[in-house]
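Undergrad: Dropping the structure in here first, questions after.
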Amino acid sequence: MTAAAQLVFAPLGGVGEIGMNLSIYGLGDERRRQWLIVDCGVSFASEEHLPGVDLIFPDIRYLAGERRNIAGIVLTHAHEDHFGALFDLWPQLRAPVYATPFTAALIEAKRAGEPGAPEIEVKVVPLGGRFQAGPFDIELMSMSHSIPESNALVLRTPLGTVLHTGDWKLDQTPIVGLPTDQDKLRQLGAEGVLAVVGDSTNAVRDGRSPSEADVAKTLAELIAAAPARVAVTTFASNVARIRSVAEAARAAGREIVVVGRAMERVVQVARETGYLDGIADFRGPDVYGYLPPDKVVALCTGSQGEPRAALARIARDDHPEITFGRGDRVIFSSRTIPGNEKEVSAVLNGLIDQGIEVITDRTHLVHVSGHPRIGEVEDLLRWAKPNTLIPVHGEALHLSEHAAIGRRLGIPNVVSCRNGDMVQLAPGTPSIVDELPHGRVYKDGAVLVAADSRTIADRRRLSFVGMVTVALALTEKGVLAADPEVELLGLPEHGKDGLPLADIALDAVHDTFESLPKPRRRDPDGVAEAVRRGVRGAIAQQWGKKPICHVHILTV
């Protein structure tokens, strides 16, 4: 390690926002720095704001340029906001990927369901394992969370030890998986921790998060007391919740029917990795209609109102195999992710309109967060005793409140950063020393599109004002060789005076063309621009909006 060596940290996603987590650690001097990537997550697009966009990824152009210096990619756990961008971004990096058994199995199951996904060799690390990636000595530390095998990373370097918490909470009865390793946290504190890079998601909430065991008890009571059919929807990745529902169903003499591909995939992986040992096999939706109402629990995808997921289709009464009716009970064992309120509300209302009883965490303890509240954050910081705290994984409010906790506990250095900020952790006083290229990339079908491209802006504009296309055939002398053709897309059929807008557009084409001097009619570009302006103006008078107008000139 040279005298000029530095240990730096930079988030490229997940700081100042929820989702799209991707952080990097660098070790070495500015010319010979090696990088460790932690997580490779995705964010989900809102159709309202990003029409046609399927997913949002962090912009990794900086890492693509540093590809030869990447020691590895370590995945803390298998939530989409931490590993969902792997298939799309890994081909630009081609670095070794490290993951625990459950995460590795879920990657393989997901790859099998996505044609064309790259074959990534994942190096499987056992729980609590320790390994070397380039200059980084990495130890996994088990943390309880809402998915099996969530890990904090202990990054030991010649310049100090960093604890990257990942997603976590303190839960001594997590139903599935190991509880947070409190003894290891205390041990680290005794050894000396240079910095904690920590989860801020629930740093705005007082107290401590309830346990998964508390939810399991409530679910058992609700399922046992249900008079007819029961459905439970939860995040597909929450294996502890799936197990709790299964045990509650068994106690009530009911069978589990799994509805939704994402849930089926997680159940398969959970069985392969032992997290559903002792639980009877689940049934497919094809047998649902043959089971008596008081002998079935449907475990459904769609807790976030996804329009193509099972529960949304049930709420619209258009699912081919699953129906509910008056007297049945649907339990939302989940929270609504910010931004999904409209979609979830639509599903809730659709179910209620069918006479179905809907139970949410508003009235019953049917969901707990997988993230630490203030009391838990304070415990971790007291145990680890870091010299520096860097809040991550949250929006501005969450980060600010997490920073306030650190200052209140007397942590010497609290660094507030955002995506792209490079923080020098050592040597010297931690501070932001550079800004890396960063941003967002949209997945549009099978293509990755830069966030600042015109593609989405044009599509958004189309969604507001529609489009008119005009086709004209002109001779070389500037004479119309055929009647113009006009097509309207996304416009009302009639204007404010009741006149068809198609007729108004066609009249505008004729009037504009005839108003042009004969010499100008021989200029195709000039004719196209004049007709475009004339059509937009005429429609604006009748509609109040100016549509996008494309004019195609064919010279014959």
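Residues are named by chain letter and number: chains run A, B, ... in the order of the structure tokens, numbers start at 1 in each chain, and ligands are numbered from 1 in the order shown.
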Taking the DSSP secondary structure from the backbone, can you list the residues of segment 219-307 of chain A that are alpha helix (DSSP H), as a PyMOL selection string?
TA: chain A and resi 219-225+239-251+261-272
Undergrad: If you count only C-alpha atoms, which residues fall within 10 Å of Lys518 of chain A, apart from same-chain ones fewer than 3 positions away, as an MDAnalysis selection string?
TA: chainID A and resid 477:479 513:515 521:523
Undergrad: Can I get the selection written as a compact mmCIF listing (two decimals), in the first residue's frame, with all heavy atoms?
TA:
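Done, and the output landed in out-v5.txt:
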```txt
# COMPACT_ATOMS: atom_id res chain seq x y z
N LYS A 477 -43.33 20.01 -60.19
CA LYS A 477 -43.79 21.38 -60.44
C LYS A 477 -44.60 21.94 -59.28
O LYS A 477 -45.12 23.04 -59.35
CB LYS A 477 -44.63 21.41 -61.72
CG LYS A 477 -43.84 21.08 -62.97
CD LYS A 477 -44.72 21.19 -64.21
CE LYS A 477 -43.90 20.89 -65.47
NZ LYS A 477 -44.73 21.02 -66.72
N GLY A 478 -44.71 21.16 -58.18
CA GLY A 478 -45.42 21.65 -57.01
C GLY A 478 -46.92 21.54 -57.12
O GLY A 478 -47.66 22.35 -56.54
N VAL A 479 -47.38 20.50 -57.79
CA VAL A 479 -48.81 20.26 -57.92
C VAL A 479 -49.17 19.00 -57.13
O VAL A 479 -48.43 18.01 -57.15
CB VAL A 479 -49.20 20.08 -59.41
CG1 VAL A 479 -50.68 19.74 -59.54
CG2 VAL A 479 -48.85 21.33 -60.20
N PHE A 513 -51.77 24.85 -48.24
CA PHE A 513 -51.09 24.60 -49.51
C PHE A 513 -51.51 25.62 -50.56
O PHE A 513 -50.67 26.17 -51.29
CB PHE A 513 -51.40 23.18 -50.00
CG PHE A 513 -50.67 22.80 -51.26
CD1 PHE A 513 -49.34 22.44 -51.21
CD2 PHE A 513 -51.32 22.82 -52.50
CE1 PHE A 513 -48.65 22.10 -52.38
CE2 PHE A 513 -50.64 22.48 -53.66
CZ PHE A 513 -49.31 22.12 -53.60
N GLU A 514 -52.81 25.89 -50.63
CA GLU A 514 -53.30 26.82 -51.63
C GLU A 514 -52.87 28.26 -51.36
O GLU A 514 -52.81 29.08 -52.27
CB GLU A 514 -54.82 26.74 -51.71
CG GLU A 514 -55.32 25.41 -52.31
CD GLU A 514 -56.83 25.24 -52.19
OE1 GLU A 514 -57.48 26.19 -51.70
OE2 GLU A 514 -57.34 24.17 -52.56
N SER A 515 -52.56 28.56 -50.10
CA SER A 515 -52.13 29.92 -49.77
C SER A 515 -50.67 30.17 -50.12
O SER A 515 -50.21 31.32 -50.10
CB SER A 515 -52.34 30.20 -48.28
OG SER A 515 -51.44 29.44 -47.50
N ARG A 521 -44.32 26.12 -53.62
CA ARG A 521 -44.90 24.79 -53.63
C ARG A 521 -43.93 23.74 -54.18
O ARG A 521 -44.16 22.54 -54.02
CB ARG A 521 -46.19 24.77 -54.45
CG ARG A 521 -47.29 25.67 -53.91
CD ARG A 521 -48.53 25.61 -54.77
NE ARG A 521 -49.48 26.66 -54.39
CZ ARG A 521 -50.66 26.86 -54.98
NH1 ARG A 521 -51.03 26.07 -55.99
NH2 ARG A 521 -51.45 27.84 -54.59
N ARG A 522 -42.85 24.23 -54.86
CA ARG A 522 -41.86 23.28 -55.40
C ARG A 522 -40.77 22.95 -54.38
O ARG A 522 -39.86 22.19 -54.68
CB ARG A 522 -41.24 23.87 -56.67
CG ARG A 522 -42.22 23.98 -57.83
CD ARG A 522 -41.50 24.22 -59.15
NE ARG A 522 -40.88 25.55 -59.21
CZ ARG A 522 -41.50 26.64 -59.65
NH1 ARG A 522 -42.75 26.56 -60.08
NH2 ARG A 522 -40.88 27.80 -59.67
N ASP A 523 -40.87 23.53 -53.19
CA ASP A 523 -39.89 23.28 -52.11
C ASP A 523 -40.52 22.33 -51.09
O ASP A 523 -41.31 22.77 -50.23
CB ASP A 523 -39.50 24.59 -51.45
CG ASP A 523 -38.60 24.39 -50.23
OD1 ASP A 523 -38.07 23.27 -50.05
OD2 ASP A 523 -38.45 25.35 -49.44
```
Undergrad: So that each row is one residue of segment 205-226 of chain A with an atom at most 12 Å from segment 134-148 of chain A, can you give its shortest atom pair and the distance in Å to one decimal, using only C-alpha atoms, rows by chain and rising number, as JSON lines?
TA:
```
{"residue": "A:Ser209", "atom": "CA", "partner": "A:His145", "partner_atom": "CA", "distance": 10.9}
{"residue": "A:Pro210", "atom": "CA", "partner": "A:His145", "partner_atom": "CA", "distance": 11.8}
{"residue": "A:Ser211", "atom": "CA", "partner": "A:Ser144", "partner_atom": "CA", "distance": 10.0}
{"residue": "A:Glu212", "atom": "CA", "partner": "A:Ser146", "partner_atom": "CA", "distance": 8.6}
```
Undergrad: Take the selection from the previous step and output its residues with N, CA and C atoms, as a PDB file, in the first residue's frame.
TA:
```pdb
ATOM      1  N   SER A 209     -38.754  -1.813  15.579  1.00  0.00           N
ATOM      2  CA  SER A 209     -39.654  -2.548  14.700  1.00  0.00           C
ATOM      3  C   SER A 209     -40.156  -3.808  15.391  1.00  0.00           C
ATOM      4  N   PRO A 210     -41.450  -4.109  15.303  1.00  0.00           N
ATOM      5  CA  PRO A 210     -41.949  -5.380  15.844  1.00  0.00           C
ATOM      6  C   PRO A 210     -41.300  -6.562  15.131  1.00  0.00           C
ATOM      7  N   SER A 211     -41.489  -7.735  15.707  1.00  0.00           N
ATOM      8  CA  SER A 211     -40.874  -8.953  15.177  1.00  0.00           C
ATOM      9  C   SER A 211     -41.788  -9.654  14.166  1.00  0.00           C
ATOM     10  N   GLU A 212     -41.148 -10.432  13.289  1.00  0.00           N
ATOM     11  CA  GLU A 212     -41.914 -11.291  12.378  1.00  0.00           C
ATOM     12  C   GLU A 212     -42.799 -12.255  13.158  1.00  0.00           C
TER      13      GLU A 212
END
```
Undergrad: Please return, as a PyMOL selection string, all residues of segment 75-289 of chain A that DSSP assigns to strand (DSSP E) on the basis of the backbone.
TA: chain A and resi 97-99+122-124+130-133+136-143+150-157+160-164+193-199+230-233+255-259
